[in-house]
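Worksheet: the structure to be examined is printed underneath.
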Amino acid sequence: MSELTLKNVGMRYGDTVVLERLNLILDSGTFCAVVGASGAGKSTFLKLLLSELQPTEGSITLGGRPLPQEPGPERGVVYQRYSVFPHLTALENICFGLERTQGNALFGRTWGAKHRVLRTEARDLLEAVGLTAAADRYPGALSGGMQQRLALAQTLALKPELLLLDEPFGALDPGNKQTAHALLKQLWAERGMTVVMVTHDLSEAFTLGTRVLVLDKVREDPHSPERFGASITYDLPVDRSAPLRAASVPPVS
Ligand SMILES: Nc1ncnc2c1ncn2[C@@H]1O[C@H](COP(=O)(O)OP(=O)(O)O)[C@@H](O)[C@H]1O
Ligand SMILES: [Mg+2]
């Protein structure tokens, strides 16, 4: 339904070329992981998809139409940290997201029966990310893993077609990371949204992605490193239906 297409997209900051000649068609429902070295332009790439930056070359379309210049509820983002509001409880954080999409256009608020429905929806979302018991706690009283699950729930409240994640689990310890991976995978499968997740963790990319893109420079000018930007150097489909096998061992005859 909402295919994401990039045609010859380039991005430069002043004279510094960061991305060049990005061509990509992402089918709706793809879980696309984007990997690359630090400074390769991964966050810049996400900012383009969020319309936080406009490409200096080329065009981006979603569902055949140019990306709206202001990100609406069709796109949601979760960053590595600080995506939640510290002065709102977990439940209020979710309600805030829901009110943005369902509330009164002028005040962004809901009242009465509508507000009660919204709070029930918010509680369901908290349950989906395993935070029912933490509904009335403030983010400062939650672990890093819990805060990221809250950030995910807050963004999912917008029912985005396109979920953008910038190293969302980069600050989590291995246990929390594994829980968050399983949760994200399940939510992605249930909701059928398109996910673009930036990570510098290759194993995370292949664990979650159905497609893995590598951003890297094809050309390098040692005298002026800002002259060339990164492109998509690998575009790898991940076949989830294939049975897991150890490296092939020749049959014993
Ligand atoms: N607002 C900006 N102005 C100028 N240069 C920037 C800006 N944002 C990022 N850069 C530069 O663009 C390059 C890519 O940055 P970024 O997209 O953050 O990379 P990554 O997320 O892969 O680490 C880096 O060299 C960075 O210094
Ligand atoms: Mg980054």
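The way I read the labels, and the way they are meant: chains A, B, ... in the order of the structure tokens, residue 1 as the first residue of every chain, and ligand 1 as the first ligand shown, with later ones counted on from there.
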Can you pull out the residues contacting stretch 162-167 of chain A? Cut-off 9 Å, using only C-alpha atoms, and skip same-chain residues under 3 positions away; I want them as an MDAnalysis selection string. chainID A and resid 2 4 28:29 42:43 46 49:50 74:80 155:156 159 170:171 193:201
Pick out the residues no farther than 10 Å from ligand 1, counting only C-alpha atoms and all ligand atoms, and list them as a VMD selection string. chain A and resid 11 to 19 34 to 48 53 166 to 167 198 to 200 215 to 216 225 to 226 229 to 230
Output N, CA, C and O atoms for every residue in that selection, as a CSV table (one decimal), in the first residue's frame.
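Result file follows (selection08.csv):
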```csv
chain,number,residue,atom,x,y,z
A,11,MET,N,22.5,13.9,-0.1
A,11,MET,CA,22.3,14.9,1.0
A,11,MET,C,23.7,15.5,1.3
A,11,MET,O,24.7,14.7,1.5
A,12,ARG,N,23.8,16.8,1.3
A,12,ARG,CA,25.1,17.4,1.7
A,12,ARG,C,24.8,18.5,2.8
A,12,ARG,O,23.7,19.1,2.8
A,13,TYR,N,25.7,18.6,3.7
A,13,TYR,CA,25.7,19.7,4.7
A,13,TYR,C,26.7,20.7,4.2
A,13,TYR,O,27.9,20.4,4.3
A,14,GLY,N,26.3,21.8,3.6
A,14,GLY,CA,27.3,22.8,3.0
A,14,GLY,C,28.1,22.1,2.0
A,14,GLY,O,27.5,21.5,1.0
A,15,ASP,N,29.4,22.0,2.1
A,15,ASP,CA,30.2,21.3,1.1
A,15,ASP,C,30.5,19.9,1.4
A,15,ASP,O,31.1,19.2,0.7
A,16,THR,N,30.0,19.4,2.6
A,16,THR,CA,30.2,18.0,3.0
A,16,THR,C,29.1,17.1,2.4
A,16,THR,O,28.0,17.2,2.8
A,17,VAL,N,29.5,16.3,1.5
A,17,VAL,CA,28.5,15.3,1.0
A,17,VAL,C,28.4,14.1,1.9
A,17,VAL,O,29.5,13.5,2.3
A,18,VAL,N,27.3,13.8,2.4
A,18,VAL,CA,27.1,12.7,3.4
A,18,VAL,C,26.5,11.5,2.7
A,18,VAL,O,26.9,10.4,2.9
A,19,LEU,N,25.5,11.7,1.9
A,19,LEU,CA,24.8,10.6,1.1
A,19,LEU,C,24.8,10.9,-0.3
A,19,LEU,O,24.6,12.1,-0.7
A,34,VAL,N,19.4,-0.9,8.6
A,34,VAL,CA,20.4,-0.2,7.9
A,34,VAL,C,21.7,-0.1,8.7
A,34,VAL,O,21.6,0.3,9.9
A,35,VAL,N,22.8,-0.7,8.2
A,35,VAL,CA,24.0,-0.7,9.0
A,35,VAL,C,25.1,0.2,8.3
A,35,VAL,O,25.0,0.5,7.1
A,36,GLY,N,26.1,0.6,9.0
A,36,GLY,CA,27.1,1.4,8.5
A,36,GLY,C,28.0,1.9,9.6
A,36,GLY,O,27.5,1.9,10.8
A,37,ALA,N,29.2,2.2,9.3
A,37,ALA,CA,30.1,2.7,10.3
A,37,ALA,C,29.6,4.0,11.0
A,37,ALA,O,28.7,4.7,10.4
A,38,SER,N,30.2,4.4,12.1
A,38,SER,CA,29.8,5.6,12.7
A,38,SER,C,30.2,6.8,11.8
A,38,SER,O,31.2,6.8,11.2
A,39,GLY,N,29.3,7.7,11.5
A,39,GLY,CA,29.5,8.8,10.6
A,39,GLY,C,29.2,8.5,9.2
A,39,GLY,O,29.3,9.4,8.3
A,40,ALA,N,28.7,7.3,8.9
A,40,ALA,CA,28.4,6.9,7.5
A,40,ALA,C,27.1,7.7,7.0
A,40,ALA,O,26.9,7.7,5.8
A,41,GLY,N,26.3,8.2,7.9
A,41,GLY,CA,25.2,8.9,7.4
A,41,GLY,C,23.8,8.2,7.7
A,41,GLY,O,22.8,8.6,7.1
A,42,LYS,N,23.9,7.3,8.7
A,42,LYS,CA,22.7,6.5,9.0
A,42,LYS,C,21.6,7.4,9.6
A,42,LYS,O,20.4,7.4,9.2
A,43,SER,N,22.0,8.3,10.5
A,43,SER,CA,21.0,9.1,11.2
A,43,SER,C,20.5,10.2,10.2
A,43,SER,O,19.3,10.5,10.2
A,44,THR,N,21.4,10.6,9.3
A,44,THR,CA,20.9,11.6,8.2
A,44,THR,C,19.9,10.9,7.3
A,44,THR,O,18.9,11.5,7.0
A,45,PHE,N,20.1,9.7,7.0
A,45,PHE,CA,19.2,8.9,6.2
A,45,PHE,C,17.8,8.8,6.9
A,45,PHE,O,16.8,9.1,6.2
A,46,LEU,N,17.8,8.6,8.2
A,46,LEU,CA,16.5,8.5,8.9
A,46,LEU,C,15.8,9.9,8.9
A,46,LEU,O,14.6,10.0,8.8
A,47,LYS,N,16.7,10.9,9.1
A,47,LYS,CA,16.1,12.3,9.2
A,47,LYS,C,15.4,12.7,7.8
A,47,LYS,O,14.5,13.4,7.8
A,48,LEU,N,16.0,12.2,6.8
A,48,LEU,CA,15.4,12.4,5.4
A,48,LEU,C,14.0,11.7,5.4
A,48,LEU,O,13.0,12.3,4.9
A,53,LEU,N,15.0,16.6,7.5
A,53,LEU,CA,15.9,17.2,6.5
A,53,LEU,C,15.2,17.0,5.1
A,53,LEU,O,14.6,16.0,4.9
A,166,ASP,N,16.2,4.8,15.3
A,166,ASP,CA,17.7,5.1,15.2
A,166,ASP,C,18.4,4.5,16.4
A,166,ASP,O,18.4,5.0,17.5
A,167,GLU,N,19.1,3.4,16.2
A,167,GLU,CA,19.8,2.6,17.2
A,167,GLU,C,19.0,2.5,18.5
A,167,GLU,O,19.5,2.9,19.6
A,198,VAL,N,17.9,1.7,12.0
A,198,VAL,CA,19.4,2.0,11.9
A,198,VAL,C,20.1,1.3,13.1
A,198,VAL,O,19.6,1.4,14.2
A,199,THR,N,21.1,0.6,12.8
A,199,THR,CA,21.9,0.0,13.9
A,199,THR,C,23.4,-0.1,13.5
A,199,THR,O,23.6,-0.2,12.3
A,200,HIS,N,24.3,-0.1,14.4
A,200,HIS,CA,25.7,-0.4,14.0
A,200,HIS,C,26.0,-1.9,14.4
A,200,HIS,O,27.1,-2.3,14.2
A,215,LEU,N,25.4,1.1,4.3
A,215,LEU,CA,25.8,2.4,3.8
A,215,LEU,C,27.3,2.5,4.0
A,215,LEU,O,27.8,2.4,5.0
A,216,ASP,N,27.9,2.8,2.8
A,216,ASP,CA,29.3,3.0,2.9
A,216,ASP,C,29.8,3.8,1.7
A,216,ASP,O,29.0,4.0,0.7
A,225,PRO,N,38.0,14.4,2.2
A,225,PRO,CA,37.1,13.3,2.6
A,225,PRO,C,35.6,13.8,2.5
A,225,PRO,O,34.7,12.9,2.4
A,226,GLU,N,35.4,15.1,2.5
A,226,GLU,CA,34.0,15.5,2.4
A,226,GLU,C,33.4,15.5,1.0
A,226,GLU,O,32.2,15.8,0.8
A,229,GLY,N,30.0,11.0,-0.6
A,229,GLY,CA,29.2,10.6,0.4
A,229,GLY,C,29.0,9.0,0.3
A,229,GLY,O,29.5,8.4,-0.5
A,230,ALA,N,28.2,8.5,1.3
A,230,ALA,CA,28.0,7.1,1.3
A,230,ALA,C,26.8,6.7,0.4
A,230,ALA,O,25.9,7.6,0.2
```
For A:Glu127, which residue out of A:Leu183, A:Leu202, A:Leu98, A:Ile25 is the nearest one, using only C-alpha atoms?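 Closest to A:Glu127 of all the choices is A:Leu183.
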Could you pull out all residues of stretch 51-243 of chain A with a DSSP call of strand (DSSP E) and give them as number ranges by chain? A: 57-62, 65-66, 75-78, 162-166, 194-198, 211-217, 230-237
So what do you get for atom CA of A:Pro55 versus atom CA of A:Gly72, distance-wise? 18.3 Å
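A straight line drawn from atom CA of A:Val129 to atom CA of A:Pro71 is 24.3 Å long.
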What lies within 12 Å of A:Asn8 using only C-alpha atoms, ignoring chain neighbours under 6 positions off, as a list of chain:residue names?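 So, after excluding close chain neighbours, the residues are A:Leu19, A:Glu20, A:Arg21, A:Leu22, A:Asn23, A:Leu24, A:Ile25, A:Pro55, A:Thr56, A:Glu57, A:Gly58, A:Ser59, A:Ile60, A:Thr61, A:Ser231, A:Ile232.
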Generate the output file for the selected residues, all heavy atoms, as a CSV table (one decimal), in the first residue's frame.
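Okay, part_26.csv is ready:
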```
chain,number,residue,atom,x,y,z
A,19,LEU,N,25.5,11.7,1.9
A,19,LEU,CA,24.8,10.6,1.1
A,19,LEU,C,24.8,10.9,-0.3
A,19,LEU,O,24.6,12.1,-0.7
A,19,LEU,CB,23.4,10.4,1.7
A,19,LEU,CG,23.3,10.0,3.1
A,19,LEU,CD1,21.8,10.0,3.6
A,19,LEU,CD2,23.9,8.6,3.4
A,20,GLU,N,25.0,10.0,-1.2
A,20,GLU,CA,24.8,10.2,-2.6
A,20,GLU,C,24.2,9.0,-3.3
A,20,GLU,O,24.4,7.9,-3.0
A,20,GLU,CB,26.2,10.6,-3.2
A,20,GLU,CG,27.3,9.6,-3.1
A,20,GLU,CD,28.6,10.0,-3.7
A,20,GLU,OE1,28.9,11.2,-3.7
A,20,GLU,OE2,29.3,9.2,-4.2
A,21,ARG,N,23.4,9.4,-4.3
A,21,ARG,CA,22.8,8.4,-5.2
A,21,ARG,C,22.2,7.2,-4.5
A,21,ARG,O,22.5,6.0,-4.8
A,21,ARG,CB,23.9,7.9,-6.2
A,21,ARG,CG,24.1,9.0,-7.3
A,21,ARG,CD,25.1,8.5,-8.3
A,21,ARG,NE,26.4,8.5,-7.8
A,21,ARG,CZ,27.5,8.2,-8.6
A,21,ARG,NH1,27.3,7.7,-9.8
A,21,ARG,NH2,28.7,8.3,-8.1
A,22,LEU,N,21.3,7.5,-3.6
A,22,LEU,CA,20.5,6.4,-3.0
A,22,LEU,C,19.3,6.1,-3.8
A,22,LEU,O,18.5,7.0,-4.1
A,22,LEU,CB,20.1,6.8,-1.6
A,22,LEU,CG,21.1,7.3,-0.5
A,22,LEU,CD1,20.5,7.5,0.8
A,22,LEU,CD2,22.2,6.2,-0.4
A,23,ASN,N,19.2,4.8,-4.2
A,23,ASN,CA,18.1,4.4,-5.0
A,23,ASN,C,17.5,3.2,-4.2
A,23,ASN,O,18.3,2.2,-3.9
A,23,ASN,CB,18.5,4.0,-6.4
A,23,ASN,CG,18.7,5.2,-7.2
A,23,ASN,OD1,17.8,6.0,-7.5
A,23,ASN,ND2,19.9,5.4,-7.6
A,24,LEU,N,16.2,3.2,-4.0
A,24,LEU,CA,15.7,2.2,-3.1
A,24,LEU,C,14.2,2.1,-3.3
A,24,LEU,O,13.5,3.1,-3.4
A,24,LEU,CB,16.0,2.6,-1.7
A,24,LEU,CG,15.5,1.7,-0.6
A,24,LEU,CD1,16.2,0.3,-0.6
A,24,LEU,CD2,15.7,2.3,0.8
A,25,ILE,N,13.6,0.9,-3.4
A,25,ILE,CA,12.2,0.7,-3.3
A,25,ILE,C,11.9,-0.3,-2.2
A,25,ILE,O,12.4,-1.4,-2.2
A,25,ILE,CB,11.6,0.1,-4.6
A,25,ILE,CG1,11.9,1.1,-5.8
A,25,ILE,CG2,10.1,-0.1,-4.5
A,25,ILE,CD1,11.4,0.5,-7.2
A,55,PRO,N,16.2,16.3,1.2
A,55,PRO,CA,17.3,15.9,0.4
A,55,PRO,C,17.8,17.0,-0.5
A,55,PRO,O,17.0,17.8,-1.0
A,55,PRO,CB,16.8,14.7,-0.4
A,55,PRO,CG,15.4,14.8,-0.4
A,55,PRO,CD,15.0,15.5,0.9
A,56,THR,N,19.1,17.1,-0.7
A,56,THR,CA,19.6,18.2,-1.6
A,56,THR,C,19.6,17.7,-3.0
A,56,THR,O,19.7,18.5,-3.9
A,56,THR,CB,21.1,18.6,-1.2
A,56,THR,OG1,21.9,17.5,-0.9
A,56,THR,CG2,21.0,19.5,0.1
A,57,GLU,N,19.5,16.4,-3.2
A,57,GLU,CA,19.3,15.8,-4.6
A,57,GLU,C,18.2,14.8,-4.5
A,57,GLU,O,18.0,14.1,-3.5
A,57,GLU,CB,20.5,15.1,-5.1
A,57,GLU,CG,21.9,15.7,-4.7
A,57,GLU,CD,22.3,16.6,-5.8
A,57,GLU,OE1,21.9,16.5,-6.9
A,57,GLU,OE2,23.1,17.5,-5.4
A,58,GLY,N,17.5,14.6,-5.6
A,58,GLY,CA,16.6,13.4,-5.8
A,58,GLY,C,15.3,13.6,-5.0
A,58,GLY,O,15.0,14.7,-4.5
A,59,SER,N,14.5,12.5,-5.0
A,59,SER,CA,13.2,12.6,-4.4
A,59,SER,C,12.8,11.4,-3.6
A,59,SER,O,13.4,10.3,-3.9
A,59,SER,CB,12.2,12.8,-5.5
A,59,SER,OG,12.2,11.6,-6.4
A,60,ILE,N,12.0,11.6,-2.6
A,60,ILE,CA,11.5,10.5,-1.8
A,60,ILE,C,10.0,10.5,-1.9
A,60,ILE,O,9.3,11.5,-1.7
A,60,ILE,CB,11.9,10.6,-0.3
A,60,ILE,CG1,13.4,10.8,-0.2
A,60,ILE,CG2,11.5,9.4,0.5
A,60,ILE,CD1,13.9,11.1,1.2
A,61,THR,N,9.4,9.3,-2.1
A,61,THR,CA,7.9,9.2,-2.1
A,61,THR,C,7.4,8.1,-1.2
A,61,THR,O,8.2,7.1,-1.1
A,61,THR,CB,7.3,9.0,-3.6
A,61,THR,OG1,8.0,7.8,-4.1
A,61,THR,CG2,7.6,10.1,-4.5
A,231,SER,N,26.8,5.5,-0.2
A,231,SER,CA,25.7,5.0,-1.0
A,231,SER,C,25.3,3.7,-0.4
A,231,SER,O,26.0,3.2,0.6
A,231,SER,CB,26.1,4.8,-2.4
A,231,SER,OG,26.6,6.0,-3.0
A,232,ILE,N,24.3,3.1,-0.9
A,232,ILE,CA,23.9,1.7,-0.5
A,232,ILE,C,24.9,0.7,-1.2
A,232,ILE,O,24.8,0.5,-2.4
A,232,ILE,CB,22.5,1.4,-0.8
A,232,ILE,CG1,21.6,2.4,-0.1
A,232,ILE,CG2,22.1,-0.1,-0.5
A,232,ILE,CD1,20.1,2.4,-0.5
```
